Amino acid sequence: MHVHFDQKPGFLDDLLRLADRINLTACLLTPFANRQVVADAAKQHPRQIVPFGFIDLDAPDAVRQVEELRSLGFRGLGELEFVKKPYNDPSYFPVYELANRYGWPVLFHTGIVLRKNFDVPEDVASGRMRPIHLEEIARRFPKITVIGAHCGNPEYEWAAEIARWNPNVFFDLSGSTLTKMRGRLAEFQRIFWWSALDFSVKTPDNDPSAFVKLVFGSDSDLAGVESVSNQYRALFDACDVPARTRKMIMGGTLTKLLGLPE
Ligand SMILES: [Zn+2]
């Protein structure tokens, strides 16, 4: 999860090379403008590239864009971000209704967000992208798999609790969190606390570990993917994440969800 398409020449070749070297399948987050080249690449290389479409939720023709992405063979949406209203604003529901009908995964940015412009005003706020807003989307649209990027940084507790009660909610731990917490990764055991306790909420592969609510996401350039996967492994070690759960996080869950060959 969470490889952003890069327009620089040679990006797709580099991605394919990396995919073959480290056994990577990339959910490739693609700006609408680049949809055709990624759709073609995904058709040619379905094991390496799963096309996800980025659309601007505030665009007046957002619904039409989603329909077009679907007709090109796209498999999900994301990373949705920089919204003008909170994610659960009813004006966004037509897009969610469509994703729900398609049974798509949708990746939402959650938590603190970068600032692009320091000198001119911009209409961007992390508070519109809080993980708590994803709960309503997951409940109203149960066929969407809601994936929150960055685990709500720094609202990890809200993120985890919403994932606990909603079988269709997952989070990735890309971004600065695993760097920020590198000396205290065991704290995640306090946040993902419910392993082996029965809440009768369905989990992938009936895995009893609370950590099965995480999926691997890098949000790095291609050169950084391996180092993010090492950060995930450090988390697994610090929190005694079982081997079967690690496999689910490192691709098992999304493989099943997207119906990819194992
Ligand atoms: Zn993000």
# chains A, B, ... in the order shown; residues from 1 in each chain; ligands from 1
>>> residues_near_ligand(ligand="ligand 1", cutoff="12 Å", atoms="only C-alpha atoms and all ligand atoms", output="PDB file with all heavy atoms, in the first residue's frame")
ATOM      1  N   MET A   1       0.841  -1.184   0.000  1.00  0.00           N
ATOM      2  CA  MET A   1       0.000   0.000   0.000  1.00  0.00           C
ATOM      3  C   MET A   1       0.879   1.238   0.000  1.00  0.00           C
ATOM      4  O   MET A   1       1.976   1.226   0.537  1.00  0.00           O
ATOM      5  CB  MET A   1      -0.896  -0.035   1.244  1.00  0.00           C
ATOM      6  CG  MET A   1      -1.880   1.098   1.362  1.00  0.00           C
ATOM      7  SD  MET A   1      -2.800   1.421  -0.169  1.00  0.00           S
ATOM      8  CE  MET A   1      -3.891   0.010  -0.211  1.00  0.00           C
ATOM      9  N   HIS A   2       0.373   2.274  -0.676  1.00  0.00           N
ATOM     10  CA  HIS A   2       0.967   3.599  -0.488  1.00  0.00           C
ATOM     11  C   HIS A   2       2.294   3.847  -1.218  1.00  0.00           C
ATOM     12  O   HIS A   2       3.260   4.344  -0.643  1.00  0.00           O
ATOM     13  CB  HIS A   2       1.141   3.900   1.015  1.00  0.00           C
ATOM     14  CG  HIS A   2       0.920   5.346   1.336  1.00  0.00           C
ATOM     15  ND1 HIS A   2       0.290   5.770   2.466  1.00  0.00           N
ATOM     16  CD2 HIS A   2       1.258   6.467   0.650  1.00  0.00           C
ATOM     17  CE1 HIS A   2       0.248   7.092   2.480  1.00  0.00           C
ATOM     18  NE2 HIS A   2       0.825   7.534   1.393  1.00  0.00           N
ATOM     19  N   VAL A   3       2.337   3.495  -2.505  1.00  0.00           N
ATOM     20  CA  VAL A   3       3.434   3.954  -3.364  1.00  0.00           C
ATOM     21  C   VAL A   3       2.846   5.034  -4.266  1.00  0.00           C
ATOM     22  O   VAL A   3       1.904   4.767  -5.021  1.00  0.00           O
ATOM     23  CB  VAL A   3       3.999   2.812  -4.234  1.00  0.00           C
ATOM     24  CG1 VAL A   3       5.083   3.350  -5.169  1.00  0.00           C
ATOM     25  CG2 VAL A   3       4.542   1.688  -3.363  1.00  0.00           C
ATOM     26  N   HIS A   4       3.380   6.251  -4.171  1.00  0.00           N
ATOM     27  CA  HIS A   4       2.875   7.344  -5.001  1.00  0.00           C
ATOM     28  C   HIS A   4       3.517   7.302  -6.381  1.00  0.00           C
ATOM     29  O   HIS A   4       4.741   7.172  -6.499  1.00  0.00           O
ATOM     30  CB  HIS A   4       3.173   8.706  -4.355  1.00  0.00           C
ATOM     31  CG  HIS A   4       2.313   8.988  -3.161  1.00  0.00           C
ATOM     32  ND1 HIS A   4       1.013   9.457  -3.271  1.00  0.00           N
ATOM     33  CD2 HIS A   4       2.542   8.859  -1.831  1.00  0.00           C
ATOM     34  CE1 HIS A   4       0.501   9.615  -2.055  1.00  0.00           C
ATOM     35  NE2 HIS A   4       1.403   9.257  -1.162  1.00  0.00           N
ATOM     36  N   LEU A  29      -0.595   4.727  -6.247  1.00  0.00           N
ATOM     37  CA  LEU A  29      -1.513   5.857  -6.083  1.00  0.00           C
ATOM     38  C   LEU A  29      -1.261   6.848  -7.212  1.00  0.00           C
ATOM     39  O   LEU A  29      -0.186   7.440  -7.298  1.00  0.00           O
ATOM     40  CB  LEU A  29      -1.288   6.511  -4.717  1.00  0.00           C
ATOM     41  CG  LEU A  29      -1.236   5.530  -3.531  1.00  0.00           C
ATOM     42  CD1 LEU A  29      -0.917   6.274  -2.240  1.00  0.00           C
ATOM     43  CD2 LEU A  29      -2.543   4.751  -3.398  1.00  0.00           C
ATOM     44  N   PHE A  54      -6.011   8.599  -7.521  1.00  0.00           N
ATOM     45  CA  PHE A  54      -6.196   9.777  -6.685  1.00  0.00           C
ATOM     46  C   PHE A  54      -7.189  10.707  -7.367  1.00  0.00           C
ATOM     47  O   PHE A  54      -7.041  11.043  -8.539  1.00  0.00           O
ATOM     48  CB  PHE A  54      -4.882  10.530  -6.470  1.00  0.00           C
ATOM     49  CG  PHE A  54      -5.104  11.921  -5.938  1.00  0.00           C
ATOM     50  CD1 PHE A  54      -5.350  12.116  -4.591  1.00  0.00           C
ATOM     51  CD2 PHE A  54      -5.135  13.019  -6.785  1.00  0.00           C
ATOM     52  CE1 PHE A  54      -5.600  13.397  -4.099  1.00  0.00           C
ATOM     53  CE2 PHE A  54      -5.386  14.301  -6.293  1.00  0.00           C
ATOM     54  CZ  PHE A  54      -5.621  14.482  -4.951  1.00  0.00           C
ATOM     55  N   GLY A  78      -7.168   6.502  -3.832  1.00  0.00           N
ATOM     56  CA  GLY A  78      -6.243   7.015  -2.826  1.00  0.00           C
ATOM     57  C   GLY A  78      -4.996   7.590  -3.453  1.00  0.00           C
ATOM     58  O   GLY A  78      -4.785   7.419  -4.636  1.00  0.00           O
ATOM     59  N   GLU A  79      -4.305   8.311  -2.681  1.00  0.00           N
ATOM     60  CA  GLU A  79      -4.569   8.692  -1.311  1.00  0.00           C
ATOM     61  C   GLU A  79      -5.450   9.937  -1.320  1.00  0.00           C
ATOM     62  O   GLU A  79      -5.034  10.978  -1.839  1.00  0.00           O
ATOM     63  CB  GLU A  79      -3.233   8.954  -0.596  1.00  0.00           C
ATOM     64  CG  GLU A  79      -3.347   9.392   0.842  1.00  0.00           C
ATOM     65  CD  GLU A  79      -1.957   9.737   1.406  1.00  0.00           C
ATOM     66  OE1 GLU A  79      -1.005   9.953   0.626  1.00  0.00           O
ATOM     67  OE2 GLU A  79      -1.838   9.810   2.632  1.00  0.00           O
ATOM     68  N   LEU A  80      -6.649   9.832  -0.754  1.00  0.00           N
ATOM     69  CA  LEU A  80      -7.498  11.004  -0.645  1.00  0.00           C
ATOM     70  C   LEU A  80      -6.925  11.901   0.447  1.00  0.00           C
ATOM     71  O   LEU A  80      -6.542  11.419   1.519  1.00  0.00           O
ATOM     72  CB  LEU A  80      -8.937  10.581  -0.310  1.00  0.00           C
ATOM     73  CG  LEU A  80      -9.565   9.573  -1.287  1.00  0.00           C
ATOM     74  CD1 LEU A  80     -11.013   9.285  -0.901  1.00  0.00           C
ATOM     75  CD2 LEU A  80      -9.497  10.071  -2.730  1.00  0.00           C
ATOM     76  N   GLU A  81      -6.836  13.189   0.181  1.00  0.00           N
ATOM     77  CA  GLU A  81      -6.223  14.117   1.148  1.00  0.00           C
ATOM     78  C   GLU A  81      -6.507  15.549   0.734  1.00  0.00           C
ATOM     79  O   GLU A  81      -7.167  15.801  -0.268  1.00  0.00           O
ATOM     80  CB  GLU A  81      -4.708  13.877   1.250  1.00  0.00           C
ATOM     81  CG  GLU A  81      -3.983  14.001  -0.077  1.00  0.00           C
ATOM     82  CD  GLU A  81      -2.521  13.574  -0.005  1.00  0.00           C
ATOM     83  OE1 GLU A  81      -1.944  13.578   1.091  1.00  0.00           O
ATOM     84  OE2 GLU A  81      -1.957  13.245  -1.062  1.00  0.00           O
ATOM     85  N   PHE A  82      -6.012  16.492   1.523  1.00  0.00           N
ATOM     86  CA  PHE A  82      -6.176  17.934   1.258  1.00  0.00           C
ATOM     87  C   PHE A  82      -7.633  18.322   0.985  1.00  0.00           C
ATOM     88  O   PHE A  82      -7.921  19.102   0.073  1.00  0.00           O
ATOM     89  CB  PHE A  82      -5.286  18.372   0.078  1.00  0.00           C
ATOM     90  CG  PHE A  82      -3.819  18.186   0.354  1.00  0.00           C
ATOM     91  CD1 PHE A  82      -3.042  17.331  -0.417  1.00  0.00           C
ATOM     92  CD2 PHE A  82      -3.217  18.885   1.399  1.00  0.00           C
ATOM     93  CE1 PHE A  82      -1.688  17.167  -0.159  1.00  0.00           C
ATOM     94  CE2 PHE A  82      -1.852  18.719   1.662  1.00  0.00           C
ATOM     95  CZ  PHE A  82      -1.100  17.865   0.882  1.00  0.00           C
ATOM     96  N   LEU A 107      -7.877   4.515   0.299  1.00  0.00           N
ATOM     97  CA  LEU A 107      -6.824   4.979   1.211  1.00  0.00           C
ATOM     98  C   LEU A 107      -7.011   6.466   1.495  1.00  0.00           C
ATOM     99  O   LEU A 107      -7.010   7.290   0.576  1.00  0.00           O
ATOM    100  CB  LEU A 107      -5.443   4.733   0.592  1.00  0.00           C
ATOM    101  CG  LEU A 107      -4.242   5.216   1.417  1.00  0.00           C
ATOM    102  CD1 LEU A 107      -4.023   4.320   2.647  1.00  0.00           C
ATOM    103  CD2 LEU A 107      -2.961   5.252   0.571  1.00  0.00           C
ATOM    104  N   PHE A 108      -7.173   6.776   2.788  1.00  0.00           N
ATOM    105  CA  PHE A 108      -7.332   8.162   3.230  1.00  0.00           C
ATOM    106  C   PHE A 108      -6.073   8.597   3.977  1.00  0.00           C
ATOM    107  O   PHE A 108      -5.617   7.875   4.874  1.00  0.00           O
ATOM    108  CB  PHE A 108      -8.496   8.284   4.221  1.00  0.00           C
ATOM    109  CG  PHE A 108      -9.866   8.023   3.666  1.00  0.00           C
ATOM    110  CD1 PHE A 108     -10.364   6.725   3.585  1.00  0.00           C
ATOM    111  CD2 PHE A 108     -10.673   9.070   3.263  1.00  0.00           C
ATOM    112  CE1 PHE A 108     -11.645   6.486   3.105  1.00  0.00           C
ATOM    113  CE2 PHE A 108     -11.958   8.845   2.777  1.00  0.00           C
ATOM    114  CZ  PHE A 108     -12.446   7.546   2.690  1.00  0.00           C
ATOM    115  N   HIS A 109      -5.555   9.768   3.669  1.00  0.00           N
ATOM    116  CA  HIS A 109      -4.542  10.350   4.547  1.00  0.00           C
ATOM    117  C   HIS A 109      -5.201  10.620   5.897  1.00  0.00           C
ATOM    118  O   HIS A 109      -6.313  11.130   5.953  1.00  0.00           O
ATOM    119  CB  HIS A 109      -4.007  11.662   3.963  1.00  0.00           C
ATOM    120  CG  HIS A 109      -3.087  12.371   4.904  1.00  0.00           C
ATOM    121  ND1 HIS A 109      -1.725  12.201   4.878  1.00  0.00           N
ATOM    122  CD2 HIS A 109      -3.353  13.206   5.946  1.00  0.00           C
ATOM    123  CE1 HIS A 109      -1.195  12.925   5.851  1.00  0.00           C
ATOM    124  NE2 HIS A 109      -2.154  13.538   6.513  1.00  0.00           N
ATOM    125  N   THR A 110      -4.527  10.271   6.997  1.00  0.00           N
ATOM    126  CA  THR A 110      -5.032  10.677   8.315  1.00  0.00           C
ATOM    127  C   THR A 110      -3.928  11.358   9.107  1.00  0.00           C
ATOM    128  O   THR A 110      -2.759  11.008   9.009  1.00  0.00           O
ATOM    129  CB  THR A 110      -5.593   9.488   9.138  1.00  0.00           C
ATOM    130  OG1 THR A 110      -4.559   8.531   9.380  1.00  0.00           O
ATOM    131  CG2 THR A 110      -6.762   8.818   8.442  1.00  0.00           C
ATOM    132  N   GLY A 111      -4.334  12.344   9.895  1.00  0.00           N
ATOM    133  CA  GLY A 111      -3.426  13.007  10.826  1.00  0.00           C
ATOM    134  C   GLY A 111      -2.687  14.184  10.231  1.00  0.00           C
ATOM    135  O   GLY A 111      -3.103  14.778   9.222  1.00  0.00           O
ATOM    136  N   ILE A 112      -1.569  14.485  10.854  1.00  0.00           N
ATOM    137  CA  ILE A 112      -0.803  15.682  10.516  1.00  0.00           C
ATOM    138  C   ILE A 112      -0.414  15.652   9.038  1.00  0.00           C
ATOM    139  O   ILE A 112      -0.096  14.589   8.497  1.00  0.00           O
ATOM    140  CB  ILE A 112       0.453  15.796  11.421  1.00  0.00           C
ATOM    141  CG1 ILE A 112       1.113  17.153  11.301  1.00  0.00           C
ATOM    142  CG2 ILE A 112       1.448  14.674  11.161  1.00  0.00           C
ATOM    143  CD1 ILE A 112       0.315  18.274  11.929  1.00  0.00           C
ATOM    144  N   VAL A 113      -0.483  16.800   8.406  1.00  0.00           N
ATOM    145  CA  VAL A 113      -0.218  16.845   6.963  1.00  0.00           C
ATOM    146  C   VAL A 113       0.838  17.902   6.664  1.00  0.00           C
ATOM    147  O   VAL A 113       0.927  18.934   7.347  1.00  0.00           O
ATOM    148  CB  VAL A 113      -1.528  17.112   6.179  1.00  0.00           C
ATOM    149  CG1 VAL A 113      -2.004  18.548   6.342  1.00  0.00           C
ATOM    150  CG2 VAL A 113      -1.377  16.758   4.703  1.00  0.00           C
ATOM    151  N   LEU A 114       1.654  17.626   5.658  1.00  0.00           N
ATOM    152  CA  LEU A 114       2.742  18.545   5.305  1.00  0.00           C
ATOM    153  C   LEU A 114       2.197  19.892   4.832  1.00  0.00           C
ATOM    154  O   LEU A 114       1.041  20.015   4.426  1.00  0.00           O
ATOM    155  CB  LEU A 114       3.610  17.919   4.207  1.00  0.00           C
ATOM    156  CG  LEU A 114       2.943  17.588   2.862  1.00  0.00           C
ATOM    157  CD1 LEU A 114       2.842  18.798   1.953  1.00  0.00           C
ATOM    158  CD2 LEU A 114       3.702  16.483   2.156  1.00  0.00           C
ATOM    159  N   ARG A 115       3.036  20.898   4.893  1.00  0.00           N
ATOM    160  CA  ARG A 115       2.679  22.220   4.390  1.00  0.00           C
ATOM    161  C   ARG A 115       3.513  22.505   3.149  1.00  0.00           C
ATOM    162  O   ARG A 115       4.743  22.479   3.195  1.00  0.00           O
ATOM    163  CB  ARG A 115       2.945  23.268   5.468  1.00  0.00           C
ATOM    164  CG  ARG A 115       2.554  24.659   5.029  1.00  0.00           C
ATOM    165  CD  ARG A 115       2.445  25.604   6.199  1.00  0.00           C
ATOM    166  NE  ARG A 115       2.319  26.995   5.757  1.00  0.00           N
ATOM    167  CZ  ARG A 115       2.360  28.023   6.574  1.00  0.00           C
ATOM    168  NH1 ARG A 115       2.518  27.825   7.880  1.00  0.00           N
ATOM    169  NH2 ARG A 115       2.245  29.248   6.111  1.00  0.00           N
ATOM    170  N   SER A 126      -5.252  19.539   9.058  1.00  0.00           N
ATOM    171  CA  SER A 126      -5.214  18.141   9.510  1.00  0.00           C
ATOM    172  C   SER A 126      -6.524  17.732  10.172  1.00  0.00           C
ATOM    173  O   SER A 126      -6.928  16.569  10.112  1.00  0.00           O
ATOM    174  CB  SER A 126      -4.082  17.938  10.523  1.00  0.00           C
ATOM    175  OG  SER A 126      -2.878  18.448  10.031  1.00  0.00           O
ATOM    176  N   MET A 129      -8.955  15.628   8.516  1.00  0.00           N
ATOM    177  CA  MET A 129      -8.479  14.295   8.098  1.00  0.00           C
ATOM    178  C   MET A 129      -8.185  13.426   9.308  1.00  0.00           C
ATOM    179  O   MET A 129      -7.290  12.602   9.291  1.00  0.00           O
ATOM    180  CB  MET A 129      -7.247  14.461   7.197  1.00  0.00           C
ATOM    181  CG  MET A 129      -7.558  15.255   5.941  1.00  0.00           C
ATOM    182  SD  MET A 129      -6.186  15.433   4.808  1.00  0.00           S
ATOM    183  CE  MET A 129      -5.324  16.813   5.560  1.00  0.00           C
ATOM    184  N   ARG A 130      -8.936  13.666  10.395  1.00  0.00           N
ATOM    185  CA  ARG A 130      -8.726  12.878  11.609  1.00  0.00           C
ATOM    186  C   ARG A 130      -9.242  11.456  11.412  1.00  0.00           C
ATOM    187  O   ARG A 130     -10.245  11.231  10.713  1.00  0.00           O
ATOM    188  CB  ARG A 130      -9.452  13.525  12.780  1.00  0.00           C
ATOM    189  CG  ARG A 130      -8.921  14.906  13.117  1.00  0.00           C
ATOM    190  CD  ARG A 130      -9.665  15.499  14.281  1.00  0.00           C
ATOM    191  NE  ARG A 130      -9.424  14.710  15.498  1.00  0.00           N
ATOM    192  CZ  ARG A 130     -10.084  14.904  16.636  1.00  0.00           C
ATOM    193  NH1 ARG A 130     -11.024  15.825  16.720  1.00  0.00           N
ATOM    194  NH2 ARG A 130      -9.808  14.160  17.691  1.00  0.00           N
ATOM    195  N   ILE A 147      -8.864   2.320   4.484  1.00  0.00           N
ATOM    196  CA  ILE A 147      -7.479   2.226   4.960  1.00  0.00           C
ATOM    197  C   ILE A 147      -7.006   3.636   5.295  1.00  0.00           C
ATOM    198  O   ILE A 147      -7.040   4.533   4.447  1.00  0.00           O
ATOM    199  CB  ILE A 147      -6.560   1.592   3.899  1.00  0.00           C
ATOM    200  CG1 ILE A 147      -7.104   0.208   3.493  1.00  0.00           C
ATOM    201  CG2 ILE A 147      -5.128   1.452   4.453  1.00  0.00           C
ATOM    202  CD1 ILE A 147      -6.417  -0.380   2.281  1.00  0.00           C
ATOM    203  N   GLY A 148      -6.632   3.844   6.537  1.00  0.00           N
ATOM    204  CA  GLY A 148      -6.133   5.144   6.969  1.00  0.00           C
ATOM    205  C   GLY A 148      -4.613   5.141   6.894  1.00  0.00           C
ATOM    206  O   GLY A 148      -3.957   4.286   7.487  1.00  0.00           O
ATOM    207  N   ALA A 149      -4.067   6.093   6.151  1.00  0.00           N
ATOM    208  CA  ALA A 149      -2.616   6.191   6.077  1.00  0.00           C
ATOM    209  C   ALA A 149      -2.087   6.839   7.360  1.00  0.00           C
ATOM    210  O   ALA A 149      -2.766   7.664   7.976  1.00  0.00           O
ATOM    211  CB  ALA A 149      -2.213   7.023   4.866  1.00  0.00           C
ATOM    212  N   HIS A 150      -0.910   6.440   7.754  1.00  0.00           N
ATOM    213  CA  HIS A 150      -0.168   7.061   8.868  1.00  0.00           C
ATOM    214  C   HIS A 150      -0.791   6.809  10.246  1.00  0.00           C
ATOM    215  O   HIS A 150      -0.390   7.436  11.229  1.00  0.00           O
ATOM    216  CB  HIS A 150       0.002   8.578   8.656  1.00  0.00           C
ATOM    217  CG  HIS A 150       0.246   8.973   7.232  1.00  0.00           C
ATOM    218  ND1 HIS A 150       1.323   8.508   6.507  1.00  0.00           N
ATOM    219  CD2 HIS A 150      -0.460   9.766   6.366  1.00  0.00           C
ATOM    220  CE1 HIS A 150       1.267   9.007   5.281  1.00  0.00           C
ATOM    221  NE2 HIS A 150       0.193   9.759   5.167  1.00  0.00           N
ATOM    222  N   CYS A 151      -1.770   5.898  10.314  1.00  0.00           N
ATOM    223  CA  CYS A 151      -2.363   5.514  11.602  1.00  0.00           C
ATOM    224  C   CYS A 151      -2.808   6.724  12.424  1.00  0.00           C
ATOM    225  O   CYS A 151      -2.742   6.724  13.653  1.00  0.00           O
ATOM    226  CB  CYS A 151      -1.391   4.646  12.400  1.00  0.00           C
ATOM    227  SG  CYS A 151      -2.214   3.558  13.594  1.00  0.00           S
ATOM    228  N   GLY A 152      -3.255   7.782  11.726  1.00  0.00           N
ATOM    229  CA  GLY A 152      -3.812   8.925  12.445  1.00  0.00           C
ATOM    230  C   GLY A 152      -2.797   9.830  13.113  1.00  0.00           C
ATOM    231  O   GLY A 152      -3.188  10.689  13.896  1.00  0.00           O
ATOM    232  N   ASN A 153      -1.542   9.670  12.834  1.00  0.00           N
ATOM    233  CA  ASN A 153      -0.452  10.398  13.519  1.00  0.00           C
ATOM    234  C   ASN A 153      -0.839  11.815  13.922  1.00  0.00           C
ATOM    235  O   ASN A 153      -1.090  12.656  13.052  1.00  0.00           O
ATOM    236  CB  ASN A 153       0.777  10.432  12.598  1.00  0.00           C
ATOM    237  CG  ASN A 153       1.971  11.158  13.207  1.00  0.00           C
ATOM    238  OD1 ASN A 153       2.015  11.400  14.412  1.00  0.00           O
ATOM    239  ND2 ASN A 153       2.949  11.488  12.383  1.00  0.00           N
ATOM    240  N   PHE A 171      -5.091   0.359   8.973  1.00  0.00           N
ATOM    241  CA  PHE A 171      -4.207   1.527   8.912  1.00  0.00           C
ATOM    242  C   PHE A 171      -2.824   1.110   8.440  1.00  0.00           C
ATOM    243  O   PHE A 171      -2.389  -0.019   8.691  1.00  0.00           O
ATOM    244  CB  PHE A 171      -4.096   2.195  10.298  1.00  0.00           C
ATOM    245  CG  PHE A 171      -5.335   2.963  10.670  1.00  0.00           C
ATOM    246  CD1 PHE A 171      -6.363   2.350  11.372  1.00  0.00           C
ATOM    247  CD2 PHE A 171      -5.493   4.287  10.283  1.00  0.00           C
ATOM    248  CE1 PHE A 171      -7.529   3.042  11.684  1.00  0.00           C
ATOM    249  CE2 PHE A 171      -6.650   4.992  10.592  1.00  0.00           C
ATOM    250  CZ  PHE A 171      -7.662   4.367  11.292  1.00  0.00           C
ATOM    251  N   ASP A 172      -2.149   2.034   7.754  1.00  0.00           N
ATOM    252  CA  ASP A 172      -0.720   1.820   7.515  1.00  0.00           C
ATOM    253  C   ASP A 172       0.071   2.731   8.455  1.00  0.00           C
ATOM    254  O   ASP A 172      -0.456   3.669   9.044  1.00  0.00           O
ATOM    255  CB  ASP A 172      -0.344   1.990   6.029  1.00  0.00           C
ATOM    256  CG  ASP A 172      -0.151   3.430   5.550  1.00  0.00           C
ATOM    257  OD1 ASP A 172       0.296   4.285   6.339  1.00  0.00           O
ATOM    258  OD2 ASP A 172      -0.416   3.694   4.354  1.00  0.00           O
ATOM    259  N   LEU A 173       1.324   2.362   8.655  1.00  0.00           N
ATOM    260  CA  LEU A 173       2.188   3.118   9.572  1.00  0.00           C
ATOM    261  C   LEU A 173       3.288   3.813   8.799  1.00  0.00           C
ATOM    262  O   LEU A 173       4.412   3.942   9.281  1.00  0.00           O
ATOM    263  CB  LEU A 173       2.777   2.174  10.631  1.00  0.00           C
ATOM    264  CG  LEU A 173       2.025   2.154  11.965  1.00  0.00           C
ATOM    265  CD1 LEU A 173       2.578   1.075  12.879  1.00  0.00           C
ATOM    266  CD2 LEU A 173       2.096   3.515  12.667  1.00  0.00           C
ATOM    267  N   SER A 174       2.946   4.290   7.595  1.00  0.00           N
ATOM    268  CA  SER A 174       3.927   5.058   6.838  1.00  0.00           C
ATOM    269  C   SER A 174       4.046   6.457   7.438  1.00  0.00           C
ATOM    270  O   SER A 174       3.252   6.846   8.300  1.00  0.00           O
ATOM    271  CB  SER A 174       3.482   5.150   5.375  1.00  0.00           C
ATOM    272  OG  SER A 174       2.292   5.904   5.272  1.00  0.00           O
ATOM    273  N   GLY A 175       5.031   7.200   6.961  1.00  0.00           N
ATOM    274  CA  GLY A 175       5.237   8.556   7.457  1.00  0.00           C
ATOM    275  C   GLY A 175       6.274   8.585   8.568  1.00  0.00           C
ATOM    276  O   GLY A 175       7.123   7.706   8.658  1.00  0.00           O
ATOM    277  N   SER A 176       6.164   9.577   9.427  1.00  0.00           N
ATOM    278  CA  SER A 176       7.236   9.807  10.397  1.00  0.00           C
ATOM    279  C   SER A 176       7.112   8.987  11.675  1.00  0.00           C
ATOM    280  O   SER A 176       8.025   8.973  12.498  1.00  0.00           O
ATOM    281  CB  SER A 176       7.280  11.300  10.752  1.00  0.00           C
ATOM    282  OG  SER A 176       6.003  11.729  11.174  1.00  0.00           O
ATOM    283  N   THR A 177       5.984   8.272  11.857  1.00  0.00           N
ATOM    284  CA  THR A 177       5.727   7.631  13.158  1.00  0.00           C
ATOM    285  C   THR A 177       6.804   6.640  13.578  1.00  0.00           C
ATOM    286  O   THR A 177       7.285   6.673  14.714  1.00  0.00           O
ATOM    287  CB  THR A 177       4.350   6.932  13.116  1.00  0.00           C
ATOM    288  OG1 THR A 177       3.348   7.938  13.009  1.00  0.00           O
ATOM    289  CG2 THR A 177       4.116   6.114  14.379  1.00  0.00           C
ATOM    290  N   GLY A 217       2.661  -0.107   4.402  1.00  0.00           N
ATOM    291  CA  GLY A 217       2.648   1.000   3.452  1.00  0.00           C
ATOM    292  C   GLY A 217       3.944   1.764   3.607  1.00  0.00           C
ATOM    293  O   GLY A 217       4.450   1.911   4.722  1.00  0.00           O
ATOM    294  N   SER A 218       4.497   2.234   2.495  1.00  0.00           N
ATOM    295  CA  SER A 218       5.810   2.884   2.599  1.00  0.00           C
ATOM    296  C   SER A 218       5.706   4.407   2.491  1.00  0.00           C
ATOM    297  O   SER A 218       6.338   5.123   3.262  1.00  0.00           O
ATOM    298  CB  SER A 218       6.751   2.359   1.529  1.00  0.00           C
ATOM    299  OG  SER A 218       6.223   2.634   0.245  1.00  0.00           O
ATOM    300  N   ASP A 219       4.932   4.920   1.547  1.00  0.00           N
ATOM    301  CA  ASP A 219       4.852   6.363   1.303  1.00  0.00           C
ATOM    302  C   ASP A 219       6.236   6.984   1.129  1.00  0.00           C
ATOM    303  O   ASP A 219       6.452   8.144   1.458  1.00  0.00           O
ATOM    304  CB  ASP A 219       4.095   7.061   2.449  1.00  0.00           C
ATOM    305  CG  ASP A 219       3.703   8.492   2.094  1.00  0.00           C
ATOM    306  OD1 ASP A 219       3.646   8.817   0.890  1.00  0.00           O
ATOM    307  OD2 ASP A 219       3.473   9.297   3.020  1.00  0.00           O
ATOM    308  N   SER A 220       7.176   6.196   0.611  1.00  0.00           N
ATOM    309  CA  SER A 220       8.536   6.714   0.411  1.00  0.00           C
ATOM    310  C   SER A 220       8.813   6.702  -1.084  1.00  0.00           C
ATOM    311  O   SER A 220       8.009   6.189  -1.863  1.00  0.00           O
ATOM    312  CB  SER A 220       9.533   5.792   1.115  1.00  0.00           C
ATOM    313  OG  SER A 220       9.491   4.512   0.521  1.00  0.00           O
TER     314      SER A 220
END
>>> residues_around(residues="A:Asp6", least_positions_apart="6", cutoff="12 Å", atoms="only C-alpha atoms", output="ChimeraX atom specification")
/A:12-15,28-31,33-34,37-38,219-222
>>> closest_atom_pairs(of="stretch 99-202 of chain A", to="stretch 235-239 of chain A", cutoff="9 Å", atoms="only C-alpha atoms", output="tab-separated table")
residue	atom	partner	partner_atom	distance
A:Leu178	CA	A:Leu235	CA	7.8
A:Arg182	CA	A:Leu235	CA	8.2
A:Arg184	CA	A:Ala238	CA	8.4
A:Leu185	CA	A:Leu235	CA	5.7
A:Ala186	CA	A:Ala238	CA	5.1
A:Glu187	CA	A:Cys239	CA	8.1
A:Phe188	CA	A:Cys239	CA	7.0
A:Gln189	CA	A:Cys239	CA	5.9
>>> atom_distance(atom1="atom CA of A:Leu69", atom2="atom CA of A:Ala42")
12.6 Å
>>> select_by_dssp(residues="stretch 26-227 of chain A", states="alpha helix (DSSP H)", output="ChimeraX atom specification")
/A:35-44,62-71,93-102,132-140,156-165,177-180,188-191,225-227
>>> atom_distance(atom1="atom CA of A:Pro142", atom2="atom CA of A:Leu254")
16.7 Å
>>> closest_residue(among="A:Tyr232, A:Trp193, A:Phe211, A:Phe216", to="A:Thr25", atoms="only C-alpha atoms")
A:Phe216
>>> closest_residue(among="A:Lys116, A:Gln48, A:Phe93, A:Trp104", to="A:Ile137", atoms="only C-alpha atoms")
A:Phe93
>>> closest_residue(among="A:Tyr87, A:Tyr102, A:Trp194, A:Phe141", to="A:Ser71", atoms="only C-alpha atoms")
A:Tyr102
>>> select_by_dssp(residues="stretch 105-205 of chain A", states="strand (DSSP E or B)", output="compact mmCIF listing (two decimals) with C-alpha atoms, in the first residue's frame")
# COMPACT_ATOMS: atom_id res chain seq x y z
CA PRO A 105 -10.47 -0.20 -0.88
CA VAL A 106 -10.00 3.52 -0.29
CA LEU A 107 -6.82 4.98 1.21
CA PHE A 108 -7.33 8.16 3.23
CA HIS A 109 -4.54 10.35 4.55
CA THR A 145 -12.32 -1.27 2.87
CA VAL A 146 -11.24 1.92 4.61
CA ILE A 147 -7.48 2.23 4.96
CA GLY A 148 -6.13 5.14 6.97
CA ALA A 149 -2.62 6.19 6.08
CA VAL A 169 -10.94 -0.55 8.68
CA PHE A 170 -7.14 -0.86 8.52
CA PHE A 171 -4.21 1.53 8.91
CA ASP A 172 -0.72 1.82 7.52
